[in-house]
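Q: See protein30.cif below, with mmCIF, C-alpha atoms.
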data_my_file
loop_
_atom_site.label_atom_id
_atom_site.label_comp_id
_atom_site.auth_asym_id
_atom_site.auth_seq_id
_atom_site.Cartn_x
_atom_site.Cartn_y
_atom_site.Cartn_z
CA MET A 1 105.02 91.66 130.08
CA VAL A 2 106.38 92.74 126.68
CA THR A 3 107.38 89.23 125.62
CA ARG A 4 103.94 87.66 126.24
CA GLN A 5 102.78 87.53 122.61
CA PHE A 6 106.21 86.41 121.40
CA LEU A 7 106.04 83.47 123.80
CA GLN A 8 102.43 82.78 122.77
CA THR A 9 103.57 82.46 119.17
CA HIS A 10 106.74 80.51 119.96
CA ARG A 11 105.74 77.96 122.58
CA THR A 12 108.66 75.64 122.04
CA PRO A 13 111.23 75.28 123.37
CA VAL A 14 109.63 75.94 126.74
CA LEU A 15 111.59 78.46 128.81
CA SER A 16 112.34 78.09 132.47
CA ASP A 17 111.05 80.86 134.72
CA ASP A 18 114.58 82.24 134.98
CA ASP A 19 115.09 82.28 131.20
CA ALA A 20 111.69 83.90 130.66
CA ALA A 21 112.60 86.58 133.19
CA ALA A 22 115.96 87.15 131.49
CA LEU A 23 114.24 87.57 128.10
CA GLU A 24 111.84 90.09 129.60
CA ALA A 25 114.67 91.98 131.32
CA ALA A 26 116.59 92.31 128.05
CA ALA A 27 113.93 94.66 126.67
CA ALA A 28 114.97 98.30 126.68
CA ARG A 29 112.74 101.16 125.55
CA THR A 30 109.30 101.24 124.02
CA ILE A 31 108.81 103.26 120.82
CA ASP A 32 105.64 104.31 118.99
CA TYR A 33 105.58 104.76 115.20
CA PRO A 34 102.80 106.29 113.09
CA ALA A 35 101.44 104.44 110.08
CA LYS A 36 103.79 104.39 107.05
CA ARG A 37 106.83 105.42 109.12
CA VAL A 38 110.04 103.58 108.19
CA ILE A 39 111.39 101.71 111.21
CA VAL A 40 114.50 100.20 109.65
CA ARG A 41 116.15 101.52 106.51
CA GLU A 42 117.90 99.27 104.03
CA ASN A 43 121.69 99.01 104.60
CA VAL A 44 121.70 101.35 107.62
CA PRO A 45 123.79 99.94 110.54
CA LEU A 46 121.70 98.62 113.43
CA THR A 47 122.52 98.18 117.11
CA GLN A 48 119.19 96.80 118.31
CA CYS A 49 116.32 94.50 117.37
CA THR A 50 112.65 95.46 117.63
CA LEU A 51 109.84 93.30 118.99
CA LEU A 52 106.40 94.35 117.79
CA LEU A 53 103.88 94.91 120.60
CA SER A 54 100.92 96.26 118.62
CA GLY A 55 100.01 97.03 115.02
CA PHE A 56 101.16 95.59 111.69
CA VAL A 57 104.56 95.99 110.05
CA GLU A 58 105.86 95.26 106.55
CA ARG A 59 109.27 94.20 105.32
CA PHE A 60 109.69 95.50 101.78
CA LYS A 61 111.93 96.43 98.89
CA ASP A 62 111.21 99.14 96.32
CA THR A 63 112.34 98.81 92.73
CA PRO A 64 113.95 101.72 90.82
CA GLU A 65 110.66 101.98 88.90
CA GLY A 66 108.77 102.65 92.12
CA ARG A 67 107.10 99.23 92.53
CA ARG A 68 106.99 97.89 96.07
CA GLN A 69 107.20 94.21 96.98
CA ILE A 70 106.13 93.41 100.51
CA LEU A 71 108.31 90.53 101.71
CA ALA A 72 106.59 89.86 105.04
CA ILE A 73 103.83 91.16 107.28
CA HIS A 74 104.57 91.09 110.97
CA ILE A 75 102.01 90.99 113.77
CA PRO A 76 102.28 91.60 117.51
CA GLY A 77 104.74 89.21 119.09
CA ASP A 78 107.08 89.15 116.08
CA PHE A 79 110.65 90.39 116.04
CA VAL A 80 110.78 92.47 112.87
CA ASP A 81 114.57 92.39 112.51
CA LEU A 82 116.05 89.78 114.84
CA HIS A 83 118.47 88.74 112.09
CA SER A 84 120.03 92.20 112.36
CA TYR A 85 121.82 90.92 115.48
CA PRO A 86 124.33 88.80 113.52
CA LEU A 87 124.10 90.77 110.27
CA LYS A 88 124.23 94.32 111.76
CA HIS A 89 122.09 95.71 108.94
CA LEU A 90 119.26 94.58 106.68
CA GLU A 91 119.23 94.38 102.90
CA HIS A 92 115.59 95.53 102.92
CA SER A 93 113.50 98.09 104.80
CA VAL A 94 110.87 97.73 107.52
CA ALA A 95 107.92 100.11 107.91
CA ALA A 96 104.71 100.47 109.91
CA LEU A 97 101.58 99.55 107.95
CA THR A 98 99.46 100.89 110.83
CA PRO A 99 100.31 102.81 113.98
CA VAL A 100 102.57 100.46 115.91
CA THR A 101 104.36 100.10 119.22
CA GLY A 102 107.64 98.22 119.50
CA VAL A 103 110.18 97.50 122.19
CA THR A 104 113.91 97.42 121.50
CA PHE A 105 116.39 94.72 122.43
CA PRO A 106 119.96 96.08 122.18
CA HIS A 107 122.34 93.72 120.41
CA PRO A 108 124.59 93.39 123.50
CA GLU A 109 121.55 92.18 125.46
CA VAL A 110 120.70 89.64 122.75
CA ARG A 111 124.27 88.36 122.98
CA LYS A 112 123.90 87.96 126.74
CA LEU A 113 120.76 85.92 126.20
CA THR A 114 122.51 83.55 123.82
CA GLU A 115 125.46 83.22 126.20
CA ARG A 116 123.18 82.62 129.16
CA SER A 117 121.07 79.73 127.87
CA ALA A 118 121.05 77.17 125.07
CA THR A 119 117.24 77.17 125.32
CA LEU A 120 117.03 80.93 124.75
CA THR A 121 119.44 80.59 121.82
CA GLU A 122 117.27 77.86 120.31
CA LEU A 123 114.11 79.95 120.79
CA LEU A 124 115.53 83.02 119.06
CA TRP A 125 117.10 80.94 116.28
CA ARG A 126 113.85 79.03 115.79
CA SER A 127 111.86 82.26 115.41
CA THR A 128 114.14 83.44 112.58
CA LEU A 129 113.87 80.05 110.87
CA ILE A 130 110.08 80.25 110.99
CA ASP A 131 110.30 83.72 109.43
CA ALA A 132 112.32 82.12 106.63
CA ALA A 133 109.76 79.33 106.21
CA ILE A 134 106.97 81.90 105.86
CA ASN A 135 109.07 83.79 103.31
CA ARG A 136 109.51 80.61 101.24
CA GLU A 137 105.75 80.03 101.26
CA TRP A 138 105.24 83.59 100.00
CA ILE A 139 107.70 82.92 97.17
CA VAL A 140 105.64 79.88 96.19
CA SER A 141 102.52 82.04 96.15
CA VAL A 142 104.00 84.72 93.90
CA GLY A 143 105.67 82.20 91.61
CA ALA A 144 103.20 79.34 91.38
CA ARG A 145 99.74 80.22 92.70
CA GLY A 146 96.93 81.96 90.88
CA ALA A 147 95.93 85.46 91.92
CA ALA A 148 92.81 84.56 93.92
CA VAL A 149 94.62 81.65 95.56
CA ARG A 150 97.49 83.93 96.62
CA LEU A 151 95.10 86.25 98.42
CA ALA A 152 93.16 83.37 99.98
CA HIS A 153 96.40 81.80 101.21
CA LEU A 154 97.57 85.06 102.77
CA LEU A 155 94.25 85.56 104.56
CA CYS A 156 94.38 81.97 105.85
CA GLU A 157 97.89 82.56 107.16
CA MET A 158 96.95 85.79 108.90
CA PHE A 159 93.92 84.16 110.51
CA VAL A 160 95.98 81.29 111.95
CA ARG A 161 98.77 83.55 113.18
CA LEU A 162 96.40 86.07 114.77
CA GLU A 163 94.28 83.33 116.33
CA ARG A 164 97.42 82.04 118.02
CA ILE A 165 97.77 85.30 119.97
CA GLY A 166 94.08 85.83 120.67
CA MET A 167 93.41 88.51 118.05
CA THR A 168 90.49 86.85 116.26
CA ARG A 169 86.78 86.77 117.04
CA GLY A 170 85.45 83.47 115.80
CA TYR A 171 86.22 83.57 112.07
CA GLU A 172 86.57 87.35 111.97
CA PHE A 173 89.65 89.51 112.57
CA ASP A 174 90.96 93.01 112.11
CA PHE A 175 93.54 93.34 109.36
CA PRO A 176 93.84 97.13 108.93
CA VAL A 177 95.82 97.21 105.70
CA THR A 178 94.82 98.55 102.30
CA GLN A 179 94.06 96.69 99.10
CA ILE A 180 97.27 98.23 97.74
CA ASP A 181 99.17 96.57 100.62
CA LEU A 182 97.55 93.23 99.79
CA ALA A 183 98.48 93.71 96.14
CA ASP A 184 102.10 94.54 97.04
CA ALA A 185 102.28 91.44 99.24
CA THR A 186 101.00 89.12 96.51
CA GLY A 187 102.64 90.55 93.41
CA LEU A 188 99.38 91.88 91.95
CA THR A 189 98.16 95.26 90.82
CA ALA A 190 95.62 96.96 93.07
CA VAL A 191 92.95 96.59 90.38
CA HIS A 192 93.61 92.85 89.99
CA ALA A 193 93.64 92.35 93.76
CA ASN A 194 90.28 94.11 94.01
CA ARG A 195 88.77 91.79 91.38
CA MET A 196 90.14 88.70 93.13
CA LEU A 197 88.84 89.81 96.52
CA ARG A 198 85.42 90.29 94.94
CA GLN A 199 85.67 86.78 93.47
CA LEU A 200 86.46 85.29 96.89
CA ARG A 201 83.49 87.12 98.40
CA GLU A 202 81.11 86.04 95.61
CA GLN A 203 82.25 82.42 96.04
CA GLY A 204 81.15 82.63 99.66
CA LEU A 205 84.66 82.09 101.04
CA VAL A 206 85.89 85.29 102.67
CA GLU A 207 85.33 89.04 102.66
CA PHE A 208 87.89 91.80 103.15
CA ARG A 209 86.29 95.17 103.70
CA GLN A 210 87.74 98.29 105.33
CA GLY A 211 90.35 96.42 107.32
CA LEU A 212 88.04 93.66 108.53
CA VAL A 213 88.25 90.04 107.38
CA ARG A 214 85.21 87.76 107.67
CA ILE A 215 85.72 84.11 106.80
CA PHE A 216 82.41 82.60 105.67
CA ASP A 217 83.56 79.00 105.18
CA TRP A 218 86.90 78.09 106.77
CA PRO A 219 87.22 74.52 105.43
CA ALA A 220 86.33 75.68 101.91
CA LEU A 221 88.73 78.63 102.11
CA LYS A 222 91.60 76.38 103.23
CA ASP A 223 90.80 73.94 100.44
CA PHE A 224 90.65 76.69 97.82
CA ALA A 225 93.97 78.14 99.01
CA GLY A 226 95.66 74.75 99.40
CA PHE A 227 96.58 76.04 102.86
CA ASP A 228 98.61 73.72 105.08
CA PRO A 229 99.71 75.51 108.28
CA ARG A 230 102.62 73.18 109.00
CA TYR A 231 105.08 75.75 107.60
CA LEU A 232 104.18 77.96 110.58
CA PHE A 233 105.60 75.32 112.98
CA MET A 234 102.98 75.90 115.65
CA ASP A 235 103.23 72.46 117.24
#
For the structure just supplied, provide its representation as structure tokens.
A:
Amino acid sequence: MVTRQFLQTHRTPVLSDDDAAALEAAAARTIDYPAKRVIVRENVPLTQCTLLLSGFVERFKDTPEGRRQILAIHIPGDFVDLHSYPLKHLEHSVAALTPVTGVTFPHPEVRKLTERSATLTELLWRSTLIDAAINREWIVSVGARGAAVRLAHLLCEMFVRLERIGMTRGYEFDFPVTQIDLADATGLTAVHANRMLRQLREQGLVEFRQGLVRIFDWPALKDFAGFDPRYLFMD
């Protein structure tokens, strides 16, 4: 069932059995991408959306000077470009951070889903609005949070999102990205990100090492990050 993790993440509105079957049937072909492969290129016309089944994906923009800003990190169960259905292209690019598998939903099939059911329309619309809420929280981090707090907040977010789909082990989870990726997601240099990660470890809060995150003190980490998960709308 290719939509299982999507429905685990987005549990409201609740779909009828018929609507759930229609969503599943709208999926077309499965595609594998190696790490660092671009999945969607900025301003290139699109005719399908991609649902991530495994691996981690980044949305990003590169500056003329060669600096990358990661705008979002997607996990299994996320549509990486659902907003391409009404827009027909993206103003940013999407790439695999790790080896990934995705399944495509052709735009005509997405239209059929929205015509079929108000509940399906609400579900798809809601998922894009949550993406926007996460993006706003990232803007707050880059613009108003200190460096160590930015990293702590991101690790809190990833823990909660991955726990939702059963990809954590207690307070430990795989997050196979590089320190450069973390720096690009938080507006830091790689050197600064490394120092801040060391600070978080020395404070006994969390450790990031070789793609593995270990949270030592969850209440203290949340408090340090000022993390409030309500922007993830997981109720």
Q: Expanded to explicit residues, what is the PyMOL selection byres ((chain A and resi 109) around 10) for this file, as a PyMOL selection string?
A: chain A and resi 22-23+25-28+48-49+105-108+110-115
Q: So, counting all atoms listed in the file, which residue among A:Lys222, A:Arg161, A:His92, A:Arg169 is closest to His74 in chain A?
A: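 The shortest atom-to-atom distance to His74 in chain A comes from A:Arg161.
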Q: Select, from A:Pro86, A:Pro45, A:Gly166, A:Gly55, the residue with the minimum atom-to-atom distance to Gln5 in chain A, counting all atoms listed in the file.
A: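 Once distances to Gln5 in chain A are computed over all atoms listed in the file, the minimum belongs to A:Gly166.
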Q: Can you list, as a ChimeraX atom specification, every protein, DNA or RNA residue that comes within 7 Å of Gln8 in chain A when you count all atoms listed in the file, leaving out same-chain residues fewer than 3 positions away?
A: /A:4-5,11,164-165
Q: Using all atoms listed in the file, find the one residue out of A:Pro176, A:Asp184, A:Ala133, A:Leu97 that sits nearest to Asp62 in chain A.
A: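 Residue with the minimum atom-to-atom distance to Asp62 in chain A: A:Asp184.
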